[in-house]
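As provided, my_file21.pdb (PDB, N, CA and C atoms and all ligand atoms) reads as follows.
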```
ATOM      1  N   MET A 170     -28.024  79.461 142.279
ATOM      2  CA  MET A 170     -28.487  78.801 143.508
ATOM      3  C   MET A 170     -28.613  77.295 143.306
ATOM      4  N   GLU A 171     -28.126  76.579 144.291
ATOM      5  CA  GLU A 171     -28.155  75.129 144.235
ATOM      6  C   GLU A 171     -29.507  74.618 144.696
ATOM      7  N   ARG A 172     -30.051  73.714 143.923
ATOM      8  CA  ARG A 172     -31.329  73.142 144.316
ATOM      9  C   ARG A 172     -31.096  71.943 145.222
ATOM     10  N   LYS A 173     -31.890  71.862 146.278
ATOM     11  CA  LYS A 173     -31.704  70.773 147.228
ATOM     12  C   LYS A 173     -32.188  69.447 146.659
ATOM     13  N   GLN A 174     -31.386  68.437 146.885
ATOM     14  CA  GLN A 174     -31.714  67.095 146.420
ATOM     15  C   GLN A 174     -32.090  66.235 147.616
ATOM     16  N   PHE A 175     -33.212  65.559 147.507
ATOM     17  CA  PHE A 175     -33.577  64.634 148.578
ATOM     18  C   PHE A 175     -34.467  63.556 148.008
ATOM     19  N   GLU A 176     -34.444  62.422 148.665
ATOM     20  CA  GLU A 176     -35.217  61.280 148.194
ATOM     21  C   GLU A 176     -35.990  60.658 149.339
ATOM     22  N   LEU A 177     -36.958  59.846 148.973
ATOM     23  CA  LEU A 177     -37.733  59.118 149.962
ATOM     24  C   LEU A 177     -36.787  58.250 150.809
ATOM     25  N   GLY A 178     -36.943  58.313 152.105
ATOM     26  CA  GLY A 178     -36.113  57.500 152.989
ATOM     27  C   GLY A 178     -34.887  58.220 153.518
ATOM     28  N   ASP A 179     -34.610  59.405 152.962
ATOM     29  CA  ASP A 179     -33.451  60.178 153.430
ATOM     30  C   ASP A 179     -33.692  60.735 154.830
ATOM     31  N   VAL A 180     -32.625  60.847 155.590
ATOM     32  CA  VAL A 180     -32.693  61.518 156.884
ATOM     33  C   VAL A 180     -32.066  62.892 156.679
ATOM     34  N   VAL A 181     -32.836  63.931 157.003
ATOM     35  CA  VAL A 181     -32.358  65.292 156.761
ATOM     36  C   VAL A 181     -32.220  66.087 158.057
ATOM     37  N   LEU A 182     -31.357  67.066 157.997
ATOM     38  CA  LEU A 182     -31.143  67.968 159.122
ATOM     39  C   LEU A 182     -31.986  69.220 158.881
ATOM     40  N   MET A 183     -32.826  69.572 159.855
ATOM     41  CA  MET A 183     -33.695  70.734 159.718
ATOM     42  C   MET A 183     -33.082  71.955 160.398
ATOM     43  N   LYS A 184     -33.448  73.126 159.915
ATOM     44  CA  LYS A 184     -32.951  74.359 160.521
ATOM     45  C   LYS A 184     -33.599  74.586 161.880
ATOM     46  N   LYS A 185     -34.878  74.217 161.952
ATOM     47  CA  LYS A 185     -35.592  74.398 163.219
ATOM     48  C   LYS A 185     -35.712  73.079 163.951
ATOM     49  N   GLN A 186     -35.456  73.113 165.241
ATOM     50  CA  GLN A 186     -35.576  71.916 166.061
ATOM     51  C   GLN A 186     -37.024  71.550 166.291
ATOM     52  N   HIS A 187     -37.282  70.264 166.373
ATOM     53  CA  HIS A 187     -38.598  69.787 166.753
ATOM     54  C   HIS A 187     -38.749  70.048 168.258
ATOM     55  N   PRO A 188     -39.968  70.246 168.739
ATOM     56  CA  PRO A 188     -40.154  70.490 170.189
ATOM     57  C   PRO A 188     -39.495  69.438 171.094
ATOM     58  N   CYS A 189     -39.304  68.230 170.602
ATOM     59  CA  CYS A 189     -38.687  67.179 171.418
ATOM     60  C   CYS A 189     -37.180  67.347 171.523
ATOM     61  N   GLY A 190     -36.599  68.248 170.750
ATOM     62  CA  GLY A 190     -35.157  68.494 170.829
ATOM     63  C   GLY A 190     -34.353  67.954 169.665
ATOM     64  N   ALA A 191     -34.961  67.066 168.889
ATOM     65  CA  ALA A 191     -34.245  66.501 167.737
ATOM     66  C   ALA A 191     -34.405  67.416 166.523
ATOM     67  N   ASN A 192     -33.410  67.437 165.676
ATOM     68  CA  ASN A 192     -33.590  68.208 164.437
ATOM     69  C   ASN A 192     -33.290  67.363 163.209
ATOM     70  N   GLU A 193     -33.416  66.053 163.388
ATOM     71  CA  GLU A 193     -33.264  65.137 162.261
ATOM     72  C   GLU A 193     -34.624  64.541 161.929
ATOM     73  N   MET A 194     -34.931  64.545 160.637
ATOM     74  CA  MET A 194     -36.220  64.027 160.174
ATOM     75  C   MET A 194     -36.002  63.049 159.034
ATOM     76  N   GLU A 195     -36.843  62.035 159.013
ATOM     77  CA  GLU A 195     -36.779  61.076 157.922
ATOM     78  C   GLU A 195     -37.933  61.333 156.962
ATOM     79  N   ILE A 196     -37.639  61.336 155.673
ATOM     80  CA  ILE A 196     -38.684  61.551 154.670
ATOM     81  C   ILE A 196     -39.432  60.240 154.456
ATOM     82  N   ILE A 197     -40.718  60.243 154.802
ATOM     83  CA  ILE A 197     -41.474  58.996 154.670
ATOM     84  C   ILE A 197     -42.516  59.044 153.564
ATOM     85  N   ARG A 198     -42.793  60.224 153.018
ATOM     86  CA  ARG A 198     -43.684  60.309 151.861
ATOM     87  C   ARG A 198     -43.354  61.538 151.038
ATOM     88  N   MET A 199     -43.341  61.372 149.724
ATOM     89  CA  MET A 199     -43.038  62.496 148.837
ATOM     90  C   MET A 199     -44.221  62.757 147.930
ATOM     91  N   GLY A 200     -44.432  64.019 147.612
ATOM     92  CA  GLY A 200     -45.508  64.409 146.717
ATOM     93  C   GLY A 200     -45.561  65.916 146.671
ATOM     94  N   MET A 201     -46.741  66.468 146.462
ATOM     95  CA  MET A 201     -46.905  67.917 146.534
ATOM     96  C   MET A 201     -46.533  68.376 147.937
ATOM     97  N   ASP A 202     -46.898  67.530 148.898
ATOM     98  CA  ASP A 202     -46.503  67.749 150.282
ATOM     99  C   ASP A 202     -45.544  66.639 150.671
ATOM    100  N   ILE A 203     -44.725  66.930 151.647
ATOM    101  CA  ILE A 203     -43.738  65.956 152.114
ATOM    102  C   ILE A 203     -44.102  65.532 153.534
ATOM    103  N   ARG A 204     -44.098  64.243 153.764
ATOM    104  CA  ARG A 204     -44.332  63.775 155.136
ATOM    105  C   ARG A 204     -42.988  63.382 155.737
ATOM    106  N   ILE A 205     -42.686  63.988 156.859
ATOM    107  CA  ILE A 205     -41.429  63.685 157.524
ATOM    108  C   ILE A 205     -41.698  63.164 158.920
ATOM    109  N   LYS A 206     -40.782  62.309 159.374
ATOM    110  CA  LYS A 206     -40.932  61.713 160.698
ATOM    111  C   LYS A 206     -39.741  62.122 161.545
ATOM    112  N   CYS A 207     -40.041  62.602 162.731
ATOM    113  CA  CYS A 207     -38.995  63.025 163.652
ATOM    114  C   CYS A 207     -38.216  61.799 164.128
ATOM    115  N   VAL A 208     -36.897  61.878 164.029
ATOM    116  CA  VAL A 208     -36.051  60.758 164.446
ATOM    117  C   VAL A 208     -36.094  60.605 165.969
ATOM    118  N   GLY A 209     -36.302  61.719 166.673
ATOM    119  CA  GLY A 209     -36.318  61.687 168.132
ATOM    120  C   GLY A 209     -37.567  61.073 168.717
ATOM    121  N   CYS A 210     -38.745  61.604 168.366
ATOM    122  CA  CYS A 210     -39.987  61.160 169.006
ATOM    123  C   CYS A 210     -40.905  60.376 168.074
ATOM    124  N   LYS A 211     -40.489  60.175 166.819
ATOM    125  CA  LYS A 211     -41.239  59.392 165.819
ATOM    126  C   LYS A 211     -42.566  60.042 165.410
ATOM    127  N   HIS A 212     -42.751  61.300 165.760
ATOM    128  CA  HIS A 212     -43.954  62.017 165.375
ATOM    129  C   HIS A 212     -43.824  62.410 163.904
ATOM    130  N   SER A 213     -44.894  62.256 163.113
ATOM    131  CA  SER A 213     -44.776  62.625 161.705
ATOM    132  C   SER A 213     -45.617  63.853 161.396
ATOM    133  N   VAL A 214     -45.100  64.671 160.473
ATOM    134  CA  VAL A 214     -45.804  65.878 160.056
ATOM    135  C   VAL A 214     -45.808  65.981 158.544
ATOM    136  N   LEU A 215     -46.894  66.573 158.019
ATOM    137  CA  LEU A 215     -47.031  66.783 156.587
ATOM    138  C   LEU A 215     -46.816  68.270 156.326
ATOM    139  N   ILE A 216     -45.825  68.602 155.492
ATOM    140  CA  ILE A 216     -45.578  70.009 155.192
ATOM    141  C   ILE A 216     -45.424  70.227 153.691
ATOM    142  N   PRO A 217     -45.826  71.405 153.197
ATOM    143  CA  PRO A 217     -45.682  71.685 151.769
ATOM    144  C   PRO A 217     -44.213  71.602 151.352
ATOM    145  N   ARG A 218     -43.992  71.127 150.131
ATOM    146  CA  ARG A 218     -42.636  70.940 149.627
ATOM    147  C   ARG A 218     -41.785  72.217 149.730
ATOM    148  N   ALA A 219     -42.364  73.359 149.367
ATOM    149  CA  ALA A 219     -41.613  74.616 149.409
ATOM    150  C   ALA A 219     -41.135  74.937 150.816
ATOM    151  N   LYS A 220     -42.007  74.676 151.780
ATOM    152  CA  LYS A 220     -41.655  74.952 153.163
ATOM    153  C   LYS A 220     -40.582  73.975 153.638
ATOM    154  N   PHE A 221     -40.720  72.747 153.205
ATOM    155  CA  PHE A 221     -39.723  71.739 153.570
ATOM    156  C   PHE A 221     -38.346  72.128 153.039
ATOM    157  N   GLU A 222     -38.308  72.519 151.763
ATOM    158  CA  GLU A 222     -37.024  72.888 151.147
ATOM    159  C   GLU A 222     -36.389  74.068 151.863
ATOM    160  N   LYS A 223     -37.224  74.976 152.348
ATOM    161  CA  LYS A 223     -36.731  76.158 153.047
ATOM    162  C   LYS A 223     -36.200  75.805 154.441
ATOM    163  N   ASN A 224     -36.896  74.883 155.094
ATOM    164  CA  ASN A 224     -36.522  74.528 156.472
ATOM    165  C   ASN A 224     -35.445  73.459 156.575
ATOM    166  N   MET A 225     -35.219  72.755 155.469
ATOM    167  CA  MET A 225     -34.253  71.675 155.495
ATOM    168  C   MET A 225     -32.845  72.220 155.251
ATOM    169  N   LYS A 226     -31.920  71.790 156.089
ATOM    170  CA  LYS A 226     -30.545  72.278 155.989
ATOM    171  C   LYS A 226     -29.735  71.426 155.011
ATOM    172  N   LYS A 227     -29.734  70.129 155.275
ATOM    173  CA  LYS A 227     -29.020  69.221 154.375
ATOM    174  C   LYS A 227     -29.420  67.773 154.621
ATOM    175  N   VAL A 228     -29.077  66.940 153.649
ATOM    176  CA  VAL A 228     -29.329  65.509 153.790
ATOM    177  C   VAL A 228     -28.183  64.905 154.592
ATOM    178  N   LEU A 229     -28.534  64.225 155.678
ATOM    179  CA  LEU A 229     -27.509  63.593 156.512
ATOM    180  C   LEU A 229     -27.158  62.207 155.995
ATOM    181  N   ARG A 230     -28.204  61.423 155.744
ATOM    182  CA  ARG A 230     -27.985  60.066 155.261
ATOM    183  C   ARG A 230     -28.981  59.778 154.160
ATOM    184  N   SER A 231     -28.494  59.308 153.053
ATOM    185  CA  SER A 231     -29.428  58.932 152.004
ATOM    186  C   SER A 231     -29.640  57.422 152.079
ATOM    187  N   LYS A 232     -30.853  57.028 151.804
ATOM    188  CA  LYS A 232     -31.199  55.613 151.896
ATOM    189  C   LYS A 232     -30.349  54.803 150.920
ATOM    190  N   GLN A 233     -30.155  55.362 149.753
ATOM    191  CA  GLN A 233     -29.377  54.699 148.712
ATOM    192  C   GLN A 233     -27.952  54.396 149.168
ATOM    193  N   SER A 234     -27.282  55.392 149.731
ATOM    194  CA  SER A 234     -25.880  55.195 150.120
ATOM    195  C   SER A 234     -25.764  54.266 151.323
ATOM    196  N   GLU A 235     -26.783  54.264 152.179
ATOM    197  CA  GLU A 235     -26.769  53.343 153.303
ATOM    198  C   GLU A 235     -26.803  51.898 152.819
ATOM    199  N   GLU A 236     -27.627  51.666 151.805
ATOM    200  CA  GLU A 236     -27.727  50.326 151.254
ATOM    201  C   GLU A 236     -26.420  49.919 150.586
ATOM    202  N   ASP A 237     -25.773  50.889 149.961
ATOM    203  CA  ASP A 237     -24.487  50.608 149.313
ATOM    204  C   ASP A 237     -23.435  50.209 150.354
ATOM    205  N   ASN A 238     -23.456  50.904 151.492
ATOM    206  CA  ASN A 238     -22.467  50.646 152.532
ATOM    207  C   ASN A 238     -22.633  49.259 153.155
ATOM    208  N   GLU A 239     -23.881  48.850 153.263
ATOM    209  CA  GLU A 239     -24.133  47.571 153.916
ATOM    210  C   GLU A 239     -23.906  46.383 153.001
ATOM    211  N   ALA A 240     -23.939  46.622 151.736
ATOM    212  CA  ALA A 240     -23.785  45.527 150.753
ATOM    213  C   ALA A 240     -22.359  44.970 150.752
TER     214      ALA A 240
HETATM  215 ZN    ZN B 301     -39.626  65.125 167.744
END
```
Using structure tokens, write down the structure from this file.
Ligand SMILES: [Zn+2]
Amino acid sequence: MERKQFELGDVVLMKKQHPCGANEMEIIRMGMDIRIKCVGCKHSVLIPRAKFEKNMKKVLRSKQSEEDNEA
């Protein structure tokens, strides 16, 4: 099984849609729990890492690669 890779600042695609209709979230804090911010309505939620890994589908944009592209 492949372990999911994600970093602070990444925008990820979630399996479940946020009530506002968006399913993209930005990782704004990492730790035992992960704080993610909805790209659609800017609402942030704190969820346990295990739950995040289960609900997250894939990384859409990594902060690192975005910076590389703009340079
Ligand atoms: Zn939302």
For this session: Enumerate as number ranges by chain the residues within 8 Å of ligand ZN 301 (chain B), counting all atoms listed in the file.
Result: A: 186-193, 206-213
Exercise. Hey, what comes out of the PyMOL selection byres (((chain A and resi 183) around 5) and not hetatm) on this file? Could you write it as a list in words?
Worked result: Val181, Leu182, Lys184, Lys185, Asn192, Asn224, Met225 and Lys226 of chain A
For this session: Give the alpha helix (DSSP H) residues of chain A, as assigned by DSSP on the backbone, as number ranges by chain.
Result: A: 218-224, 232-239
Tell me which protein, DNA and RNA residues are within 10 Å of Glu222 in chain A, counting only C-alpha atoms, leaving out same-chain ones fewer than 5 positions away, and put them as a CSV table (one decimal) with N, CA and C atoms, keeping the file's coordinate frame.
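Everything below was put into part02.csv:
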```csv
chain,number,residue,atom,x,y,z
A,172,ARG,N,-30.1,73.7,143.9
A,172,ARG,CA,-31.3,73.1,144.3
A,172,ARG,C,-31.1,71.9,145.2
A,173,LYS,N,-31.9,71.9,146.3
A,173,LYS,CA,-31.7,70.8,147.2
A,173,LYS,C,-32.2,69.4,146.7
A,174,GLN,N,-31.4,68.4,146.9
A,174,GLN,CA,-31.7,67.1,146.4
A,174,GLN,C,-32.1,66.2,147.6
A,175,PHE,N,-33.2,65.6,147.5
A,175,PHE,CA,-33.6,64.6,148.6
A,175,PHE,C,-34.5,63.6,148.0
A,183,MET,N,-32.8,69.6,159.9
A,183,MET,CA,-33.7,70.7,159.7
A,183,MET,C,-33.1,72.0,160.4
A,203,ILE,N,-44.7,66.9,151.6
A,203,ILE,CA,-43.7,66.0,152.1
A,203,ILE,C,-44.1,65.5,153.5
A,216,ILE,N,-45.8,68.6,155.5
A,216,ILE,CA,-45.6,70.0,155.2
A,216,ILE,C,-45.4,70.2,153.7
A,217,PRO,N,-45.8,71.4,153.2
A,217,PRO,CA,-45.7,71.7,151.8
A,217,PRO,C,-44.2,71.6,151.4
A,227,LYS,N,-29.7,70.1,155.3
A,227,LYS,CA,-29.0,69.2,154.4
A,227,LYS,C,-29.4,67.8,154.6
```
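Take CA of Ser231 in chain A and CA of Val180 in chain A: the distance between them is 6.4 Å.
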For this session: Starting from the shown file, work through the PyMOL selection byres (((chain A and resi 204 and name CA) around 6) and not hetatm and name CA) and note down what comes out as an NGL selection string.
Result: :A and (197-198 or 203 or 205 or 214-215)
Problem set entry | Atomic separation - atom N of Gly200 in chain A relative to atom C of Lys232 in chain A, Å |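 Interatomic distance here is 17.2 Å.
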Problem set entry | Among the residues A:Glu195, A:Lys223, A:Arg218, A:Met201, the one that comes closest to Asp179 in chain A [using only C-alpha atoms] | A:Glu195
Exercise. Looking only at the backbone, which of the residues in chain A does DSSP tag as strand (DSSP E or B), as a PyMOL selection string?
Worked result: chain A and resi 180-183+193-198+202-207+213-217+225-230
